[in-house]
>>> print(open('final_26.pdb').read())   # PDB, C-alpha atoms
ATOM      1  CA  MET A 912      22.463  50.656 -47.666
ATOM      2  CA  HIS A 913      21.714  50.913 -43.981
ATOM      3  CA  PHE A 914      18.315  49.294 -44.572
ATOM      4  CA  THR A 915      19.900  46.398 -46.470
ATOM      5  CA  LEU A 916      22.356  45.675 -43.686
ATOM      6  CA  GLN A 917      19.583  45.783 -41.098
ATOM      7  CA  LYS A 918      17.559  43.413 -43.200
ATOM      8  CA  ARG A 919      20.488  41.050 -43.473
ATOM      9  CA  ASN A 920      20.999  41.232 -39.710
ATOM     10  CA  LYS A 921      17.372  40.388 -39.109
ATOM     11  CA  THR A 922      17.739  37.435 -41.470
ATOM     12  CA  TRP A 923      21.053  36.150 -40.043
ATOM     13  CA  MET A 924      20.450  36.567 -36.306
ATOM     14  CA  PRO A 925      17.435  34.247 -36.074
ATOM     15  CA  ALA A 926      19.505  31.576 -37.831
ATOM     16  CA  ILE A 927      22.151  31.881 -35.107
ATOM     17  CA  ASN A 928      19.518  31.706 -32.367
ATOM     18  CA  LEU A 929      17.885  28.642 -33.875
ATOM     19  CA  SER A 930      21.251  26.941 -34.148
ATOM     20  CA  ILE A 931      21.941  27.564 -30.455
ATOM     21  CA  VAL A 932      18.512  26.259 -29.447
ATOM     22  CA  GLY A 933      18.936  23.216 -31.653
ATOM     23  CA  LEU A 934      22.335  22.477 -30.128
ATOM     24  CA  MET A 935      20.945  22.776 -26.595
ATOM     25  CA  VAL A 936      18.050  20.418 -27.426
ATOM     26  CA  TYR A 937      20.512  17.997 -29.034
ATOM     27  CA  ILE A 938      22.737  17.971 -25.943
ATOM     28  CA  MET A 939      19.815  17.594 -23.509
ATOM     29  CA  ALA A 940      18.093  14.862 -25.522
ATOM     30  CA  CYS A 941      21.216  12.820 -26.235
ATOM     31  CA  PRO A 942      23.868  13.171 -23.544
ATOM     32  CA  ALA A 943      27.242  11.526 -23.956
ATOM     33  CA  SER A 944      26.252   8.606 -21.672
ATOM     34  CA  SER A 945      22.884   7.884 -23.321
ATOM     35  CA  MET A 946      23.572   4.179 -23.955
ATOM     36  CA  ASP A 947      22.053   1.743 -21.471
ATOM     37  CA  VAL A 948      21.876  -2.070 -21.638
ATOM     38  CA  LEU A 949      19.141  -4.048 -19.880
ATOM     39  CA  VAL A 950      19.791  -7.705 -18.976
ATOM     40  CA  HIS A 951      19.034 -10.258 -16.271
ATOM     41  CA  ASN A 952      22.153 -10.373 -14.122
ATOM     42  CA  ARG A 953      21.469 -13.961 -12.977
ATOM     43  CA  ILE A 954      19.515 -16.768 -14.634
ATOM     44  CA  ASN A 955      19.062 -20.432 -13.690
ATOM     45  CA  VAL A 956      18.641 -22.921 -16.542
ATOM     46  CA  LEU A 957      17.647 -26.582 -16.418
ATOM     47  CA  ASN A 958      20.150 -28.906 -18.019
ATOM     48  CA  GLY A 959      19.064 -30.115 -21.473
ATOM     49  CA  THR A 960      16.549 -27.338 -22.110
ATOM     50  CA  MET A 961      16.596 -24.197 -24.254
ATOM     51  CA  VAL A 962      17.052 -20.750 -22.749
ATOM     52  CA  LYS A 963      16.569 -17.252 -24.074
ATOM     53  CA  ILE A 964      19.291 -14.839 -22.983
ATOM     54  CA  GLN A 965      17.899 -11.337 -23.259
ATOM     55  CA  CYS A 966      19.842  -8.179 -24.049
ATOM     56  CA  ILE A 967      17.992  -4.927 -24.811
ATOM     57  CA  PHE A 968      19.650  -1.531 -25.187
ATOM     58  CA  THR A 969      18.358   2.037 -25.110
ATOM     59  CA  SER A 970      19.717   4.845 -27.230
ATOM     60  CA  CYS A 971      18.745   8.306 -28.431
ATOM     61  CA  TYR A 972      19.652   7.330 -31.964
ATOM     62  CA  LYS A 973      18.167   4.932 -34.441
ATOM     63  CA  VAL A 974      20.239   1.961 -35.457
ATOM     64  CA  ASP A 975      22.339   2.594 -38.537
ATOM     65  CA  VAL A 976      23.178  -0.849 -39.894
ATOM     66  CA  ASN A 977      26.328   0.547 -41.493
ATOM     67  CA  LYS A 978      27.691   1.809 -38.151
ATOM     68  CA  PHE A 979      26.029  -0.414 -35.569
ATOM     69  CA  ALA A 980      28.162  -3.117 -33.907
ATOM     70  CA  MET A 981      27.413  -5.911 -31.449
ATOM     71  CA  ASN A 982      29.382  -8.745 -29.840
ATOM     72  CA  TRP A 983      28.310 -11.712 -27.720
ATOM     73  CA  THR A 984      31.085 -13.342 -25.693
ATOM     74  CA  TYR A 985      31.384 -16.152 -23.174
ATOM     75  CA  GLN A 986      33.801 -16.752 -20.311
ATOM     76  CA  GLU A 987      33.842 -19.440 -17.667
ATOM     77  CA  ASN A 988      34.275 -16.791 -14.980
ATOM     78  CA  THR A 989      35.141 -13.110 -14.795
ATOM     79  CA  ASN A 990      38.874 -13.905 -14.603
ATOM     80  CA  GLU A 991      38.977 -16.000 -17.787
ATOM     81  CA  THR A 992      39.478 -14.843 -21.368
ATOM     82  CA  GLU A 993      36.329 -13.984 -23.305
ATOM     83  CA  GLU A 994      35.357 -16.133 -26.264
ATOM     84  CA  MET A 995      33.278 -14.452 -29.000
ATOM     85  CA  PHE A 996      30.473 -16.581 -30.431
ATOM     86  CA  MET A 997      28.297 -13.987 -32.234
ATOM     87  CA  THR A 998      28.924 -10.579 -33.818
ATOM     88  CA  TYR A 999      27.198  -7.981 -35.958
ATOM     89  CA  LYS A1000      29.025  -5.842 -38.490
ATOM     90  CA  LYS A1001      26.737  -4.846 -41.346
ATOM     91  CA  GLY A1002      25.027  -8.132 -40.769
ATOM     92  CA  MET A1003      24.531 -10.834 -38.129
ATOM     93  CA  MET A1004      27.312 -13.389 -38.071
ATOM     94  CA  PRO A1005      26.979 -16.350 -35.689
ATOM     95  CA  MET A1006      30.404 -17.848 -35.079
ATOM     96  CA  ARG A1007      30.703 -21.591 -34.912
ATOM     97  CA  THR A1008      32.672 -22.596 -31.827
ATOM     98  CA  ASP A1009      33.634 -25.895 -30.290
ATOM     99  CA  ARG A1010      31.686 -24.993 -27.178
ATOM    100  CA  PHE A1011      28.330 -23.998 -28.684
ATOM    101  CA  SER A1012      28.565 -25.374 -32.253
ATOM    102  CA  ASP A1013      25.272 -24.383 -33.921
ATOM    103  CA  ARG A1014      23.190 -24.258 -30.721
ATOM    104  CA  VAL A1015      23.134 -20.430 -30.622
ATOM    105  CA  GLN A1016      20.617 -18.385 -32.627
ATOM    106  CA  PHE A1017      19.856 -14.674 -32.821
ATOM    107  CA  VAL A1018      16.173 -14.018 -31.993
ATOM    108  CA  GLY A1019      16.304 -10.259 -31.398
ATOM    109  CA  ASN A1020      15.139  -7.329 -33.509
ATOM    110  CA  LEU A1021      17.438  -4.394 -34.257
ATOM    111  CA  GLU A1022      14.487  -2.116 -34.979
ATOM    112  CA  LYS A1023      13.341  -2.693 -31.381
ATOM    113  CA  ASN A1024      16.890  -2.536 -29.941
ATOM    114  CA  ASP A1025      16.615  -6.207 -29.009
ATOM    115  CA  LEU A1026      19.798  -8.298 -29.212
ATOM    116  CA  SER A1027      18.525 -11.459 -27.502
ATOM    117  CA  ILE A1028      19.779 -14.939 -28.366
ATOM    118  CA  THR A1029      18.700 -18.495 -27.621
ATOM    119  CA  LEU A1030      20.897 -21.380 -26.499
ATOM    120  CA  SER A1031      19.422 -24.842 -27.110
ATOM    121  CA  ASP A1032      20.267 -28.139 -25.423
ATOM    122  CA  VAL A1033      21.962 -26.425 -22.502
ATOM    123  CA  GLN A1034      24.909 -28.374 -21.071
ATOM    124  CA  LEU A1035      26.582 -28.184 -17.683
ATOM    125  CA  SER A1036      29.654 -26.778 -19.451
ATOM    126  CA  ASP A1037      27.566 -23.807 -20.677
ATOM    127  CA  GLU A1038      27.508 -22.376 -17.192
ATOM    128  CA  GLY A1039      29.433 -19.115 -16.983
ATOM    129  CA  VAL A1040      29.364 -15.395 -17.808
ATOM    130  CA  TYR A1041      27.730 -14.071 -20.991
ATOM    131  CA  ASN A1042      28.577 -10.551 -22.178
ATOM    132  CA  CYS A1043      26.509  -8.414 -24.512
ATOM    133  CA  TYR A1044      28.455  -5.486 -26.039
ATOM    134  CA  VAL A1045      26.661  -2.765 -28.021
ATOM    135  CA  ARG A1046      27.925   0.202 -30.007
ATOM    136  CA  ASN A1047      25.430   2.494 -31.722
ATOM    137  CA  PRO A1048      27.060   5.648 -33.148
ATOM    138  CA  PRO A1049      26.805   8.561 -32.650
ATOM    139  CA  ASP A1050      26.650   7.313 -29.024
ATOM    140  CA  ARG A1051      30.236   7.688 -27.902
ATOM    141  CA  ILE A1052      30.188   4.999 -25.237
ATOM    142  CA  GLN A1053      29.869   1.241 -25.574
ATOM    143  CA  GLY A1054      27.034  -0.536 -23.799
ATOM    144  CA  HIS A1055      27.827  -3.665 -21.814
ATOM    145  CA  GLY A1056      25.474  -6.182 -20.238
ATOM    146  CA  ILE A1057      26.662  -9.047 -18.011
ATOM    147  CA  ILE A1058      24.594 -12.227 -17.495
ATOM    148  CA  ASN A1059      25.624 -14.927 -15.024
ATOM    149  CA  MET A1060      24.052 -18.231 -16.086
ATOM    150  CA  PHE A1061      23.846 -21.221 -13.757
ATOM    151  CA  VAL A1062      22.922 -24.674 -15.058
ATOM    152  CA  VAL A1063      20.989 -26.924 -12.666
ATOM    153  CA  THR A1064      20.125 -30.610 -12.982
ATOM    154  CA  GLU A1065      16.698 -30.196 -11.436
ATOM    155  CA  LEU A1066      14.425 -27.329 -10.684
ATOM    156  CA  PRO A1067      13.923 -26.413  -7.022
ATOM    157  CA  PRO A1068      10.704 -27.875  -5.579
ATOM    158  CA  PRO A1069       7.766 -25.512  -5.449
ATOM    159  CA  ARG A1070       7.392 -23.758  -2.170
ATOM    160  CA  ASP A1071       4.984 -25.486   0.163
ATOM    161  CA  SER A1072       2.408 -22.928   1.082
ATOM    162  CA  THR A1073       0.655 -25.233   3.585
ATOM    163  CA  ILE A1074       2.574 -23.810   6.532
ATOM    164  CA  ALA A1075       1.966 -20.262   5.384
ATOM    165  CA  VAL A1076      -1.730 -20.981   4.920
ATOM    166  CA  ALA A1077      -1.929 -22.640   8.351
ATOM    167  CA  ILE A1078      -0.176 -19.705  10.000
ATOM    168  CA  GLY A1079      -2.420 -17.265   8.171
ATOM    169  CA  ALA A1080      -5.524 -19.200   9.177
ATOM    170  CA  SER A1081      -4.375 -19.380  12.806
ATOM    171  CA  VAL A1082      -3.651 -15.672  12.957
ATOM    172  CA  GLY A1083      -6.938 -14.866  11.241
ATOM    173  CA  GLY A1084      -8.858 -17.164  13.596
ATOM    174  CA  ALA A1085      -7.177 -15.643  16.643
ATOM    175  CA  LEU A1086      -8.014 -12.145  15.471
ATOM    176  CA  ALA A1087     -11.613 -13.142  14.768
ATOM    177  CA  LEU A1088     -11.905 -14.741  18.222
ATOM    178  CA  LEU A1089     -10.420 -11.657  19.867
ATOM    179  CA  ILE A1090     -12.829  -9.365  18.055
ATOM    180  CA  LEU A1091     -15.772 -11.619  18.944
ATOM    181  CA  SER A1092     -14.698 -11.671  22.616
ATOM    182  CA  MET A1093     -14.462  -7.888  22.674
ATOM    183  CA  VAL A1094     -17.945  -7.590  21.185
ATOM    184  CA  VAL A1095     -19.406 -10.063  23.713
ATOM    185  CA  VAL A1096     -17.767  -8.275  26.669
ATOM    186  CA  LYS A1097     -19.033  -4.947  25.426
ATOM    187  CA  CYS A1098     -22.565  -6.305  25.054
ATOM    188  CA  ILE A1099     -22.482  -7.801  28.565
ATOM    189  CA  ARG A1100     -21.289  -4.513  30.063
ATOM    190  CA  ARG A1101     -23.973  -2.589  28.219
ATOM    191  CA  HIS A1102     -26.630  -5.063  29.409
ATOM    192  CA  LYS A1103     -25.472  -4.761  33.043
ATOM    193  CA  LYS A1104     -25.461  -0.999  32.783
ATOM    194  CA  GLN A1105     -29.025  -1.034  31.484
ATOM    195  CA  GLU A1106     -30.082  -3.356  34.338
ATOM    196  CA  LEU A1107     -28.543  -1.000  36.942
ATOM    197  CA  ILE A1108     -30.319   1.961  35.386
ATOM    198  CA  SER A1109     -33.617   0.034  35.438
ATOM    199  CA  ASP A1110     -33.138  -0.956  39.113
ATOM    200  CA  GLU A1111     -32.390   2.629  40.095
ATOM    201  CA  GLN A1112     -35.468   3.857  38.267
ATOM    202  CA  LYS A1113     -37.605   1.229  40.016
ATOM    203  CA  MET A1114     -36.214   2.223  43.451
ATOM    204  CA  GLU A1115     -36.921   5.881  42.774
ATOM    205  CA  GLU A1116     -40.479   5.122  41.706
ATOM    206  CA  GLU A1117     -41.088   2.942  44.800
ATOM    207  CA  GLY A1118     -39.704   5.698  47.068
ATOM    208  CA  LYS A1119     -42.055   8.236  45.505
ATOM    209  CA  LEU A1120     -45.007   5.902  45.984
ATOM    210  CA  ASP A1121     -44.125   5.297  49.681
ATOM    211  CA  ALA A1122     -43.837   9.038  50.333
ATOM    212  CA  GLU A1123     -47.162   9.738  48.697
ATOM    213  CA  GLY A1124     -48.790   6.886  50.679
ATOM    214  CA  GLY A1125     -47.495   8.268  54.038
ATOM    215  CA  THR A1126     -48.813  11.727  53.251
ATOM    216  CA  GLU A1127     -52.249  10.425  52.412
ATOM    217  CA  GLU A1128     -52.425   8.363  55.649
ATOM    218  CA  GLY A1129     -51.408  11.383  57.789
ATOM    219  CA  THR A1130     -54.034  13.508  56.128
ATOM    220  CA  LYS A1131     -56.669  10.862  56.731
ATOM    221  CA  GLY A1132     -55.715  10.661  60.464
ATOM    222  CA  MET A1133     -56.077  14.414  60.900
ATOM    223  CA  VAL A1134     -59.395  14.388  59.213
ATOM    224  CA  CYS A1135     -60.579  11.550  61.436
ATOM    225  CA  PHE A1136     -59.290  13.292  64.556
ATOM    226  CA  SER A1137     -60.919  16.520  63.531
ATOM    227  CA  ALA A1138     -64.065  14.693  62.799
ATOM    228  CA  GLY A1139     -63.872  13.042  66.181
ATOM    229  CA  GLY A1140     -63.285  16.389  67.848
ATOM    230  CA  PHE A1141     -66.201  17.859  66.063
ATOM    231  CA  SER A1142     -68.277  14.883  67.106
ATOM    232  CA  GLY A1143     -67.289  15.299  70.812
ATOM    233  CA  GLU A1144     -67.933  18.970  70.692
ATOM    234  CA  GLY A1145     -71.290  18.340  69.140
ATOM    235  CA  ALA A1146     -72.052  15.860  71.862
ATOM    236  CA  LEU A1147     -71.015  18.388  74.515
ATOM    237  CA  HIS A1148     -73.264  21.059  73.055
ATOM    238  CA  GLY A1149     -75.943  18.547  72.487
ATOM    239  CA  GLY A1150     -75.848  17.397  76.233
ATOM    240  CA  ASN A1151     -77.759  18.554  79.149
ATOM    241  CA  GLU A1152     -78.102  22.305  78.891
ATOM    242  CA  ARG A1153     -78.911  22.357  82.512
ATOM    243  CA  GLN A1154     -75.526  20.973  83.508
ATOM    244  CA  HIS A1155     -73.860  23.597  81.303
ATOM    245  CA  GLY A1156     -75.831  26.329  82.942
ATOM    246  CA  ALA A1157     -75.000  25.046  86.447
ATOM    247  CA  VAL A1158     -71.340  25.044  85.720
ATOM    248  CA  THR A1159     -71.529  28.590  84.398
ATOM    249  CA  MET A1160     -73.288  29.833  87.561
ATOM    250  CA  HIS A1161     -70.783  28.119  89.775
ATOM    251  CA  LEU A1162     -67.912  29.875  87.961
ATOM    252  CA  LEU A1163     -69.577  33.284  88.403
ATOM    253  CA  GLN A1164     -69.988  32.725  92.109
ATOM    254  CA  LEU A1165     -66.360  31.831  92.527
ATOM    255  CA  HIS A1166     -65.375  34.969  90.659
ATOM    256  CA  ARG A1167     -67.431  37.164  93.061
ATOM    257  CA  HIS A1168     -65.837  35.709  96.143
TER     258      HIS A1168
END
>>> encode(input="final_26.pdb", output="structure tokens")
Amino acid sequence: MHFTLQKRNKTWMPAINLSIVGLMVYIMACPASSMDVLVHNRINVLNGTMVKIQCIFTSCYKVDVNKFAMNWTYQENTNETEEMFMTYKKGMMPMRTDRFSDRVQFVGNLEKNDLSITLSDVQLSDEGVYNCYVRNPPDRIQGHGIINMFVVTELPPPRDSTIAVAIGASVGGALALLILSMVVVKCIRRHKKQELISDEQKMEEEGKLDAEGGTEEGTKGMVCFSAGGFSGEGALHGGNERQHGAVTMHLLQLHRH
């Protein structure tokens, strides 16, 4: 009996744990505020043309056609009463109104969560606020997208880019000129520096040559003088030996006295 109960516990407990994990995943994947509606808050439309008014919603749940609900409404401004012109309850139902007549068509795709519509032959009186309401159970909140549509009689002229191009060209030219000037100045400075180094090297070489030349001339003078001295001395010894002998005798006599 004890074994049977333990076996039952082993079988029942994992079921409880899996249920808790499943509930946690369910809550994390699909929070209460999972509905989100994506629209263009402001659109400009040219009078007499056709416009597509987009409304796309996000949800953690697939669309169940038996529970899904959608409403499109119009109001002249946010303070006026809303006028419904299209709804979905187990099927798309465009509503004929005096304002839009049959100019509104559903062009969305429920499988892709797209609730977009088109409005043809746009009139000045179509300007106003368009509301896209979405309910997709089991999402507990209702999605709401607000589109402010403005009808214009002419499109704004294209922006003239001539000024921008001229300014860009001027700035680019100035920068190029500045860079070129910096390069030229740098080259001139480098050239001057090289010339100074060359002049200094030339002066040093000339100084060395002058010093070597003076040394050689002094050496030559000494040699010439020595040679001259040797020549005089040779002449003295090569003179009259008799005179040399007379002088020697005279010096000896003076020494005796």
>>> resolve_selection(input="final_26.pdb", expression="the PyMOL selection byres ((chain A and resi 1031-1046) around 7)", output="number ranges by chain")
A: 958-962, 966, 979-989, 1014-1015, 1029-1030, 1047-1048, 1053-1062
>>> atom_distance(input="final_26.pdb", atom1="atom CA of A:Pro1005", atom2="atom CA of A:Ile1028")
10.4 Å
>>> atom_distance(input="final_26.pdb", atom1="atom CA of A:Leu1066", atom2="atom CA of A:Arg1010")
24.0 Å
>>> atom_distance(input="final_26.pdb", atom1="atom CA of A:Pro1067", atom2="atom CA of A:Val948")
29.5 Å
